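data-v5.pdb, holding PDB, C-alpha atoms:
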```pdb
ATOM      1  CA  MET E 168      12.539  -3.227 -24.864
ATOM      2  CA  ALA E 169       9.879  -3.467 -22.170
ATOM      3  CA  LEU E 170      11.252  -4.727 -18.889
ATOM      4  CA  ILE E 171       9.552  -5.965 -15.780
ATOM      5  CA  THR E 172       9.238  -5.168 -12.113
ATOM      6  CA  MET E 173       8.649  -8.535 -10.407
ATOM      7  CA  THR E 174       7.165  -8.804  -6.940
ATOM      8  CA  ILE E 175       7.653 -12.033  -5.040
ATOM      9  CA  SER E 176       4.896 -12.582  -2.518
ATOM     10  CA  GLY E 177       4.179 -15.323  -0.021
ATOM     11  CA  TYR E 178       3.806 -16.265   3.604
ATOM     12  CA  PRO E 179       6.579 -15.238   6.022
ATOM     13  CA  SER E 180       9.439 -17.756   6.235
ATOM     14  CA  SER E 181       8.326 -19.464   3.015
ATOM     15  CA  ARG E 182      11.759 -19.349   1.334
ATOM     16  CA  LYS E 183      10.909 -16.483  -1.006
ATOM     17  CA  SER E 184      14.529 -15.319  -1.058
ATOM     18  CA  ASN E 185      15.594 -18.727  -2.378
ATOM     19  CA  ARG E 186      13.173 -18.328  -5.282
ATOM     20  CA  ALA E 187      14.423 -14.791  -5.884
ATOM     21  CA  ALA E 188      17.984 -16.126  -6.081
ATOM     22  CA  GLN E 189      16.896 -18.797  -8.576
ATOM     23  CA  ILE E 190      15.248 -16.212 -10.806
ATOM     24  CA  TYR E 191      18.183 -13.829 -10.511
ATOM     25  CA  ASP E 192      20.751 -16.480 -11.476
ATOM     26  CA  PHE E 193      18.724 -17.728 -14.442
ATOM     27  CA  ILE E 194      17.813 -14.341 -15.900
ATOM     28  CA  SER E 195      21.323 -12.950 -15.335
ATOM     29  CA  SER E 196      22.832 -15.798 -17.361
ATOM     30  CA  ALA E 197      20.133 -15.886 -20.054
ATOM     31  CA  SER E 198      19.488 -12.192 -20.680
ATOM     32  CA  SER E 199      21.376  -9.706 -22.805
ATOM     33  CA  PRO E 200      24.560  -8.172 -21.322
ATOM     34  CA  GLN E 201      22.991  -4.746 -21.788
ATOM     35  CA  LEU E 202      20.266  -5.596 -19.273
ATOM     36  CA  LYS E 203      20.656  -5.138 -15.555
ATOM     37  CA  VAL E 204      19.095  -7.517 -13.032
ATOM     38  CA  LYS E 205      18.677  -6.266  -9.482
ATOM     39  CA  VAL E 206      17.104  -7.718  -6.348
ATOM     40  CA  ILE E 207      15.701  -5.380  -3.706
ATOM     41  CA  SER E 208      14.940  -6.761  -0.257
ATOM     42  CA  ASP E 209      14.625  -5.588   3.331
ATOM     43  CA  ASP E 210      18.179  -6.795   4.005
ATOM     44  CA  ASP E 211      19.582  -4.612   1.219
ATOM     45  CA  LEU E 212      17.808  -1.569   2.645
ATOM     46  CA  ALA E 213      18.720  -2.376   6.253
ATOM     47  CA  VAL E 214      15.026  -2.448   7.151
ATOM     48  CA  ASP E 215      14.518  -3.678  10.705
ATOM     49  CA  THR E 216      12.001  -6.525  10.442
ATOM     50  CA  SER E 217      11.551  -6.396  14.210
ATOM     51  CA  ASP E 218       8.941  -3.744  13.501
ATOM     52  CA  LEU E 219       6.794  -6.537  12.105
ATOM     53  CA  GLN E 220       7.342  -8.449  15.314
ATOM     54  CA  LYS E 221       5.589  -5.627  17.130
ATOM     55  CA  LEU E 222       2.816  -5.506  14.505
ATOM     56  CA  ASP E 223       3.139  -1.724  14.688
ATOM     57  CA  SER E 224       1.214  -0.300  11.723
ATOM     58  CA  LEU E 225       3.120   2.987  11.797
ATOM     59  CA  GLN E 226       6.545   1.336  11.651
ATOM     60  CA  GLU E 227       5.238  -1.101   9.059
ATOM     61  CA  ASN E 228       4.139   1.799   6.843
ATOM     62  CA  ILE E 229       7.562   3.409   7.221
ATOM     63  CA  ALA E 230       9.229   0.149   6.144
ATOM     64  CA  CYS E 231       6.932  -0.084   3.102
ATOM     65  CA  ALA E 232       7.647   3.549   2.201
ATOM     66  CA  THR E 233      11.404   2.906   2.413
ATOM     67  CA  LEU E 234      11.070  -0.070   0.098
ATOM     68  CA  PHE E 235       8.833   1.806  -2.346
ATOM     69  CA  THR E 236      11.307   4.700  -2.515
ATOM     70  CA  ALA E 237      14.145   2.297  -3.322
ATOM     71  CA  ILE E 238      12.043   0.609  -6.010
ATOM     72  CA  THR E 239      11.214   3.980  -7.567
ATOM     73  CA  ARG E 240      14.916   4.851  -7.806
ATOM     74  CA  HIS E 241      15.713   1.630  -9.675
ATOM     75  CA  ILE E 242      12.797   1.419 -12.151
ATOM     76  CA  PHE E 243      14.385   1.814 -15.575
ATOM     77  CA  LYS E 244      13.685   0.373 -19.017
ATOM     78  CA  ASP E 245      17.049  -1.418 -19.042
ATOM     79  CA  THR E 246      16.612  -3.024 -15.599
ATOM     80  CA  ILE E 247      14.797  -6.158 -14.484
ATOM     81  CA  LEU E 248      13.848  -5.434 -10.901
ATOM     82  CA  ILE E 249      12.991  -8.264  -8.481
ATOM     83  CA  VAL E 250      11.247  -7.175  -5.281
ATOM     84  CA  ASP E 251      12.028  -9.836  -2.685
ATOM     85  CA  ARG E 252       9.701  -9.148   0.207
ATOM     86  CA  MET E 253       6.585 -10.605   1.758
ATOM     87  CA  ASN E 254       4.423  -8.235  -0.347
ATOM     88  CA  TYR E 255       1.400  -9.466   1.547
ATOM     89  CA  ILE E 256      -0.567  -6.215   1.207
ATOM     90  CA  LYS E 257      -2.679  -6.007  -1.932
ATOM     91  CA  GLY E 258      -2.568  -2.211  -1.885
ATOM     92  CA  PHE E 259       1.245  -2.218  -1.997
ATOM     93  CA  ARG E 260       1.285  -4.460  -5.073
ATOM     94  CA  TYR E 261      -1.337  -2.193  -6.632
ATOM     95  CA  GLN E 262       0.868   0.840  -5.934
ATOM     96  CA  LEU E 263       3.851  -0.847  -7.599
ATOM     97  CA  TYR E 264       1.723  -1.692 -10.631
ATOM     98  CA  TRP E 265       0.774   1.931 -11.262
ATOM     99  CA  LYS E 266       4.301   3.152 -10.586
ATOM    100  CA  ALA E 267       5.609   0.758 -13.229
ATOM    101  CA  ARG E 268       2.967   1.937 -15.697
ATOM    102  CA  GLU E 269       3.902   5.531 -15.019
ATOM    103  CA  ALA E 270       7.544   4.695 -15.772
ATOM    104  CA  GLY E 271       6.577   2.803 -18.942
ATOM    105  CA  VAL E 272       7.770  -0.661 -17.887
ATOM    106  CA  GLY E 273       5.909  -3.938 -17.580
ATOM    107  CA  VAL E 274       4.821  -5.664 -14.381
ATOM    108  CA  ALA E 275       4.806  -9.342 -13.404
ATOM    109  CA  THR E 276       3.848 -10.653  -9.988
ATOM    110  CA  GLU E 277       5.904 -13.730  -9.133
ATOM    111  CA  SER E 278       4.064 -15.671  -6.432
ATOM    112  CA  MET E 279       6.774 -18.052  -5.360
ATOM    113  CA  SER E 280       5.603 -19.530  -2.103
ATOM    114  CA  VAL E 281       1.936 -18.761  -1.744
ATOM    115  CA  LEU E 282       1.180 -22.479  -1.845
ATOM    116  CA  ALA E 283       3.409 -23.208   1.155
ATOM    117  CA  LYS E 284       1.386 -24.508   4.078
ATOM    118  CA  PRO E 285       1.429 -22.547   7.337
ATOM    119  CA  ASP E 286       2.835 -25.509   9.279
ATOM    120  CA  GLN E 287       5.711 -25.788   6.772
ATOM    121  CA  CYS E 288       6.427 -22.071   7.192
ATOM    122  CA  GLN E 289       6.405 -22.584  10.966
ATOM    123  CA  LYS E 290       8.920 -25.394  10.586
ATOM    124  CA  TRP E 291      11.267 -23.277   8.484
ATOM    125  CA  ASN E 292      10.818 -20.368  10.872
ATOM    126  CA  ASP E 293      11.888 -22.514  13.844
ATOM    127  CA  GLU E 294      15.041 -23.853  12.184
ATOM    128  CA  PRO E 295      18.121 -23.293  14.354
ATOM    129  CA  GLY E 296      20.602 -20.658  13.305
ATOM    130  CA  ASP E 297      17.966 -18.345  11.839
ATOM    131  CA  ASP E 298      18.149 -15.212  13.970
ATOM    132  CA  LYS E 299      15.528 -13.494  11.822
ATOM    133  CA  GLY E 300      12.702 -15.848  12.688
ATOM    134  CA  TYR E 301       9.327 -14.540  13.785
ATOM    135  CA  LYS E 302       7.676 -15.122  17.100
ATOM    136  CA  PRO E 303       4.879 -17.735  16.837
ATOM    137  CA  GLN E 304       2.096 -15.212  17.450
ATOM    138  CA  THR E 305       3.617 -12.785  14.926
ATOM    139  CA  LEU E 306       3.942 -15.503  12.294
ATOM    140  CA  ASP E 307       0.306 -16.510  12.754
ATOM    141  CA  ALA E 308      -0.857 -12.894  12.573
ATOM    142  CA  LEU E 309       1.089 -12.202   9.358
ATOM    143  CA  ILE E 310      -0.281 -15.353   7.735
ATOM    144  CA  GLN E 311      -3.805 -14.256   8.627
ATOM    145  CA  ARG E 312      -3.173 -10.818   7.116
ATOM    146  CA  PHE E 313      -1.712 -12.165   3.871
ATOM    147  CA  GLU E 314      -3.763 -11.102   0.823
ATOM    148  CA  GLU E 315      -3.183 -13.765  -1.797
ATOM    149  CA  PRO E 316      -2.458 -12.563  -5.347
ATOM    150  CA  SER E 317      -5.010 -13.294  -8.036
ATOM    151  CA  SER E 318      -4.412 -13.540 -11.767
ATOM    152  CA  MET E 319      -7.905 -12.098 -12.271
ATOM    153  CA  VAL E 320      -6.742  -8.602 -11.312
ATOM    154  CA  ARG E 321      -4.438  -6.567 -13.500
ATOM    155  CA  TRP E 322      -1.872  -5.638 -10.830
ATOM    156  CA  ASP E 323      -1.188  -9.330 -10.088
ATOM    157  CA  ALA E 324      -0.992 -10.515 -13.690
ATOM    158  CA  PRO E 325       0.814 -12.384 -15.126
ATOM    159  CA  LEU E 326       0.925 -14.576 -12.027
ATOM    160  CA  PHE E 327       3.231 -17.559 -11.478
ATOM    161  CA  ALA E 328       2.125 -19.670  -8.497
ATOM    162  CA  ILE E 329       4.845 -22.144  -7.516
ATOM    163  CA  PRO E 330       4.473 -24.850  -4.844
ATOM    164  CA  TRP E 331       6.995 -24.790  -2.046
ATOM    165  CA  ASP E 332       8.199 -28.322  -2.826
ATOM    166  CA  ASP E 333       8.816 -27.667  -6.549
ATOM    167  CA  PRO E 334      12.623 -27.736  -6.986
ATOM    168  CA  THR E 335      12.502 -26.419 -10.548
ATOM    169  CA  PRO E 336      10.190 -23.438 -11.062
ATOM    170  CA  PRO E 337       9.310 -22.547 -14.689
ATOM    171  CA  LEU E 338      12.263 -20.235 -15.094
ATOM    172  CA  GLU E 339      12.063 -20.165 -18.882
ATOM    173  CA  ARG E 340       8.413 -19.113 -18.839
ATOM    174  CA  ILE E 341       9.193 -16.483 -16.249
ATOM    175  CA  SER E 342      12.096 -15.196 -18.359
ATOM    176  CA  ASP E 343       9.890 -15.093 -21.467
ATOM    177  CA  ALA E 344       7.321 -13.040 -19.547
ATOM    178  CA  VAL E 345      10.027 -10.675 -18.371
ATOM    179  CA  THR E 346      12.067  -9.743 -21.409
ATOM    180  CA  PRO E 347       9.388  -9.070 -24.059
ATOM    181  CA  GLY E 348       6.977  -7.671 -21.522
ATOM    182  CA  ILE E 349       3.593  -6.096 -22.159
ATOM    183  CA  VAL E 350       3.746  -2.378 -21.469
ATOM    184  CA  LYS E 351       0.436  -0.671 -20.824
ATOM    185  CA  PRO E 352       0.156   3.070 -21.390
ATOM    186  CA  PRO E 353       0.366   5.326 -18.357
ATOM    187  CA  ASN E 354      -2.883   6.357 -16.759
ATOM    188  CA  VAL E 355      -4.024   9.866 -17.669
ATOM    189  CA  ASP E 356      -4.005  10.832 -14.005
ATOM    190  CA  THR E 357      -0.292  10.006 -13.698
ATOM    191  CA  GLN E 358       0.846  11.975 -16.729
ATOM    192  CA  ILE E 359       2.438  15.380 -16.275
ATOM    193  CA  ILE E 360       0.646  17.997 -18.378
ATOM    194  CA  PRO E 361       2.665  21.117 -19.216
ATOM    195  CA  LYS E 362       1.138  24.361 -18.041
ATOM    196  CA  ALA E 363       0.303  27.251 -20.314
ATOM    197  CA  PRO E 364       2.786  30.161 -20.498
ATOM    198  CA  THR E 365       1.979  33.285 -18.534
ATOM    199  CA  ASP E 366       1.124  35.308 -21.661
ATOM    200  CA  ALA E 367      -1.157  32.638 -23.167
ATOM    201  CA  LEU E 368      -4.360  34.665 -22.707
ATOM    202  CA  ARG E 369      -2.728  37.800 -24.119
ATOM    203  CA  THR E 370      -1.566  35.885 -27.184
ATOM    204  CA  LEU E 371      -5.003  34.315 -27.572
ATOM    205  CA  GLU E 372      -6.843  37.651 -27.454
ATOM    206  CA  HIS E 373      -4.425  39.467 -29.743
ATOM    207  CA  THR E 374      -4.291  36.737 -32.400
ATOM    208  CA  THR E 375      -8.024  36.029 -32.586
ATOM    209  CA  ALA E 376      -9.004  39.716 -32.542
ATOM    210  CA  ALA E 377      -6.490  40.515 -35.295
ATOM    211  CA  LEU E 378      -7.738  37.608 -37.411
ATOM    212  CA  VAL E 379     -11.357  38.733 -37.065
ATOM    213  CA  SER E 380     -10.421  42.246 -38.254
ATOM    214  CA  VAL E 381      -8.377  40.935 -41.178
ATOM    215  CA  LEU E 382     -11.155  38.502 -42.121
ATOM    216  CA  MET E 383     -13.732  41.267 -42.353
ATOM    217  CA  ALA E 384     -11.463  43.280 -44.655
ATOM    218  CA  ALA E 385     -10.366  40.279 -46.754
ATOM    219  CA  GLN E 386     -13.838  39.005 -47.601
ATOM    220  CA  ALA E 387     -14.815  42.431 -48.888
ATOM    221  CA  ALA E 388     -11.817  42.526 -51.228
ATOM    222  CA  GLY E 389     -11.532  38.920 -52.366
ATOM    223  CA  PRO E 390     -13.741  36.164 -53.840
ATOM    224  CA  LEU E 391     -15.764  33.968 -51.502
ATOM    225  CA  GLY E 392     -15.447  30.189 -51.253
ATOM    226  CA  GLU E 393     -11.705  30.142 -51.959
ATOM    227  CA  PRO E 394      -8.649  29.755 -49.716
ATOM    228  CA  ILE E 395      -6.750  32.872 -48.760
ATOM    229  CA  VAL E 396      -3.661  33.666 -46.693
ATOM    230  CA  LEU E 397      -4.315  36.173 -43.907
ATOM    231  CA  THR E 398      -1.462  38.307 -42.609
ATOM    232  CA  ILE E 399      -1.358  39.879 -39.148
ATOM    233  CA  ASP E 400       1.336  41.527 -37.050
ATOM    234  CA  SER E 401       2.945  39.373 -34.384
ATOM    235  CA  LEU E 402       3.230  40.405 -30.775
ATOM    236  CA  GLU E 403       6.601  41.887 -29.887
ATOM    237  CA  HIS E 404       8.681  40.465 -27.043
ATOM    238  CA  SER E 405       6.307  37.489 -26.625
ATOM    239  CA  SER E 406       7.625  34.419 -24.845
ATOM    240  CA  ASN E 407       5.637  32.329 -27.326
ATOM    241  CA  THR E 408       7.621  33.643 -30.311
ATOM    242  CA  SER E 409      11.200  32.564 -30.944
ATOM    243  CA  ALA E 410      13.909  34.924 -32.084
ATOM    244  CA  ASN E 411      13.888  33.392 -35.581
ATOM    245  CA  ASP E 412      10.207  34.176 -36.195
ATOM    246  CA  ASN E 413       9.274  37.086 -38.450
ATOM    247  CA  SER E 414       7.183  40.012 -37.200
ATOM    248  CA  VAL E 415       4.350  38.943 -39.545
ATOM    249  CA  LEU E 416       2.131  35.897 -39.003
ATOM    250  CA  CYS E 417       0.484  34.181 -41.984
ATOM    251  CA  VAL E 418      -2.612  32.001 -41.571
ATOM    252  CA  ARG E 419      -4.336  30.055 -44.344
ATOM    253  CA  LEU E 420      -8.141  29.957 -44.265
ATOM    254  CA  THR E 421     -10.890  29.064 -46.736
ATOM    255  CA  PHE E 422     -13.865  31.411 -46.957
ATOM    256  CA  PRO E 423     -17.423  30.047 -47.034
ATOM    257  CA  HIS E 424     -19.593  30.806 -50.044
ATOM    258  CA  HIS E 425     -21.432  33.552 -48.201
ATOM    259  CA  ALA E 426     -20.227  36.716 -46.517
ATOM    260  CA  LEU E 427     -19.750  36.555 -42.757
ATOM    261  CA  THR E 428     -21.054  39.268 -40.484
ATOM    262  CA  LEU E 429     -19.054  40.729 -37.640
ATOM    263  CA  SER E 430     -21.409  39.114 -35.109
ATOM    264  CA  GLU E 431     -20.773  35.675 -36.631
ATOM    265  CA  LEU E 432     -17.020  36.137 -36.434
ATOM    266  CA  GLN E 433     -17.254  37.432 -32.867
ATOM    267  CA  ARG E 434     -19.328  34.379 -31.919
ATOM    268  CA  LEU E 435     -16.682  32.073 -33.383
ATOM    269  CA  LYS E 436     -14.003  34.012 -31.544
ATOM    270  CA  ARG E 437     -15.838  33.691 -28.200
ATOM    271  CA  GLN E 438     -16.406  29.949 -28.642
ATOM    272  CA  PHE E 439     -12.786  29.332 -29.571
ATOM    273  CA  ALA E 440     -11.484  31.541 -26.744
ATOM    274  CA  ALA E 441     -13.693  29.744 -24.191
ATOM    275  CA  ALA E 442     -12.228  26.366 -25.152
ATOM    276  CA  ARG E 443      -8.697  27.755 -25.049
ATOM    277  CA  GLN E 444      -9.212  29.447 -21.675
ATOM    278  CA  LYS E 445     -10.340  26.111 -20.267
ATOM    279  CA  ALA E 446      -7.195  24.526 -21.651
ATOM    280  CA  VAL E 447      -5.089  27.140 -19.831
ATOM    281  CA  THR E 448      -5.946  25.398 -16.569
ATOM    282  CA  LEU E 449      -6.228  21.801 -17.868
ATOM    283  CA  GLY E 450      -3.265  21.878 -20.245
ATOM    284  CA  SER E 451      -5.060  19.903 -22.970
ATOM    285  CA  THR E 452      -8.180  19.744 -25.144
ATOM    286  CA  LYS E 453     -10.255  16.927 -26.561
ATOM    287  CA  LYS E 454      -7.872  16.714 -29.509
ATOM    288  CA  GLY E 455      -4.666  16.580 -27.505
ATOM    289  CA  ARG E 456      -2.067  19.029 -26.313
ATOM    290  CA  VAL E 457      -2.289  22.741 -27.037
ATOM    291  CA  GLU E 458       0.089  24.930 -29.025
ATOM    292  CA  TRP E 459       0.261  28.243 -27.202
ATOM    293  CA  GLY E 460       2.288  30.281 -29.720
ATOM    294  CA  GLU E 461       0.740  32.820 -32.082
ATOM    295  CA  GLU E 462       1.126  30.520 -35.073
ATOM    296  CA  GLY E 463      -0.495  27.636 -33.197
ATOM    297  CA  VAL E 464      -3.381  29.833 -32.022
ATOM    298  CA  GLY E 465      -3.895  31.288 -35.501
ATOM    299  CA  CYS E 466      -3.923  27.921 -37.267
ATOM    300  CA  ALA E 467      -6.187  26.422 -34.605
ATOM    301  CA  PHE E 468      -8.637  29.334 -34.903
ATOM    302  CA  ALA E 469      -8.700  28.997 -38.692
ATOM    303  CA  GLU E 470      -9.343  25.250 -38.432
ATOM    304  CA  PHE E 471     -12.016  25.790 -35.783
ATOM    305  CA  SER E 472     -13.773  28.430 -37.919
ATOM    306  CA  GLU E 473     -13.768  26.205 -40.999
ATOM    307  CA  GLU E 474     -15.251  23.299 -39.035
ATOM    308  CA  GLU E 475     -17.965  25.464 -37.512
ATOM    309  CA  LEU E 476     -18.825  26.985 -40.903
ATOM    310  CA  GLY E 477     -18.749  23.635 -42.703
ATOM    311  CA  VAL E 478     -15.886  24.591 -45.026
ATOM    312  CA  ALA E 479     -13.569  21.813 -46.266
ATOM    313  CA  ARG E 480      -9.914  22.577 -46.757
TER     314      ARG E 480
END
```
Here is the file; what I need is its structure written in the form of structure tokens.
Amino acid sequence: MALITMTISGYPSSRKSNRAAQIYDFISSASSPQLKVKVISDDDLAVDTSDLQKLDSLQENIACATLFTAITRHIFKDTILIVDRMNYIKGFRYQLYWKAREAGVGVATESMSVLAKPDQCQKWNDEPGDDKGYKPQTLDALIQRFEEPSSMVRWDAPLFAIPWDDPTPPLERISDAVTPGIVKPPNVDTQIIPKAPTDALRTLEHTTAALVSVLMAAQAAGPLGEPIVLTIDSLEHSSNTSANDNSVLCVRLTFPHHALTLSELQRLKRQFAAARQKAVTLGSTKKGRVEWGEEGVGCAFAEFSEEELGVAR
């Protein structure tokens, strides 16, 4: 099941935590017992919001990094994660979006109090008994810096904009957007590509050179235009070969209807080796991931040769 990382954004002192509590209570009671629902906020992480009072960009970045680290630790496919924070920086919401895609979960931006008016936020901020209120100049500065979410951009969609005076937010619609979820594939740049083994080039040179030699001998002894199984000796003590493999490697290849010269086979070998050597550093080719073992190299070289020679299997 695809689950969601929800970010609640809005002006400071706009009662975002109240909306987070409403969502948490509803989803916790309506969702499957196997699902976990967690709220992450500055209070949970013991983040000192007085850094925002100073409008210190360095301390603000540290607070954001602390929150992002906590979010990363709790992103799982069986967890609905609610990020209860101001989330007023567009770049931070963008960062969360790509982190969720990398983890293979969905993303929904819950804009709970964006429609609250600044004077209403000021009123709530000045309520007695709230020792976490902002100074007037800090509140005004944070409101000016707020980057409002937009449903037109992918990292803020789907977007639920809820007025501050709405006592009943669309909890069912929010829950429906959360539990099915729409999971987008991870970006190529965020995927981890396995590196080639240290003996990949040695295996490549040995296998292709042996196949070229066997091909020259086989076409002189057998009929042309028919499939044939080529047999070569495997490398000993290769990290690409498991202990269960035999010492002989068999590769199936179909000959063209004309005899191939040694220069033609060497040209095919150089072209194939060039593509494979590039994949040693990139970890992939146009057709996907690379098999580095002798059997994988042999079969790939046979397929490459047949394609270049126009031979159908």
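Using only C-alpha atoms, the residues found no farther than 7 Å from stretch 309-324 of chain E, other than those of its own chain fewer than 2 positions away, are Tyr178, Tyr255, Ile256, Lys257, Arg260, Tyr261, Tyr264, Ala275, Thr276, Thr305, Leu306, Asp307 and Leu326 of chain E.
You can rank E:Arg340, E:Lys436, E:Arg419, E:Arg268 by their closest distance to E:His373 using only C-alpha atoms, and at the top of that list sits E:Lys436.
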Would you mind telling me which residue in E:Arg182, E:Asp251, E:Phe243, E:Gly271 lies nearest to E:Asp211 when using only C-alpha atoms?
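Among the listed residues, the smallest separation from E:Asp211 belongs to E:Asp251.
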Step by step, gather every atom of stretch 239-248 of chain E that the file lists, find the box along x, y and z that holds them, add 4 Å on each side, and finally give centre and edge lengths in Å to one decimal, as AutoDock Vina command-line options.
```
--center_x 14.1 --center_y -0.7 --center_z -13.3 --size_x 13.8 --size_y 19.0 --size_z 19.5
```
Quick one: pull the distance between atom CA of E:Leu368 and atom CA of E:Ser414, Å, one decimal.
->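 Spanning atom CA of E:Leu368 to atom CA of E:Ser414 is a straight-line distance of 19.3 Å.
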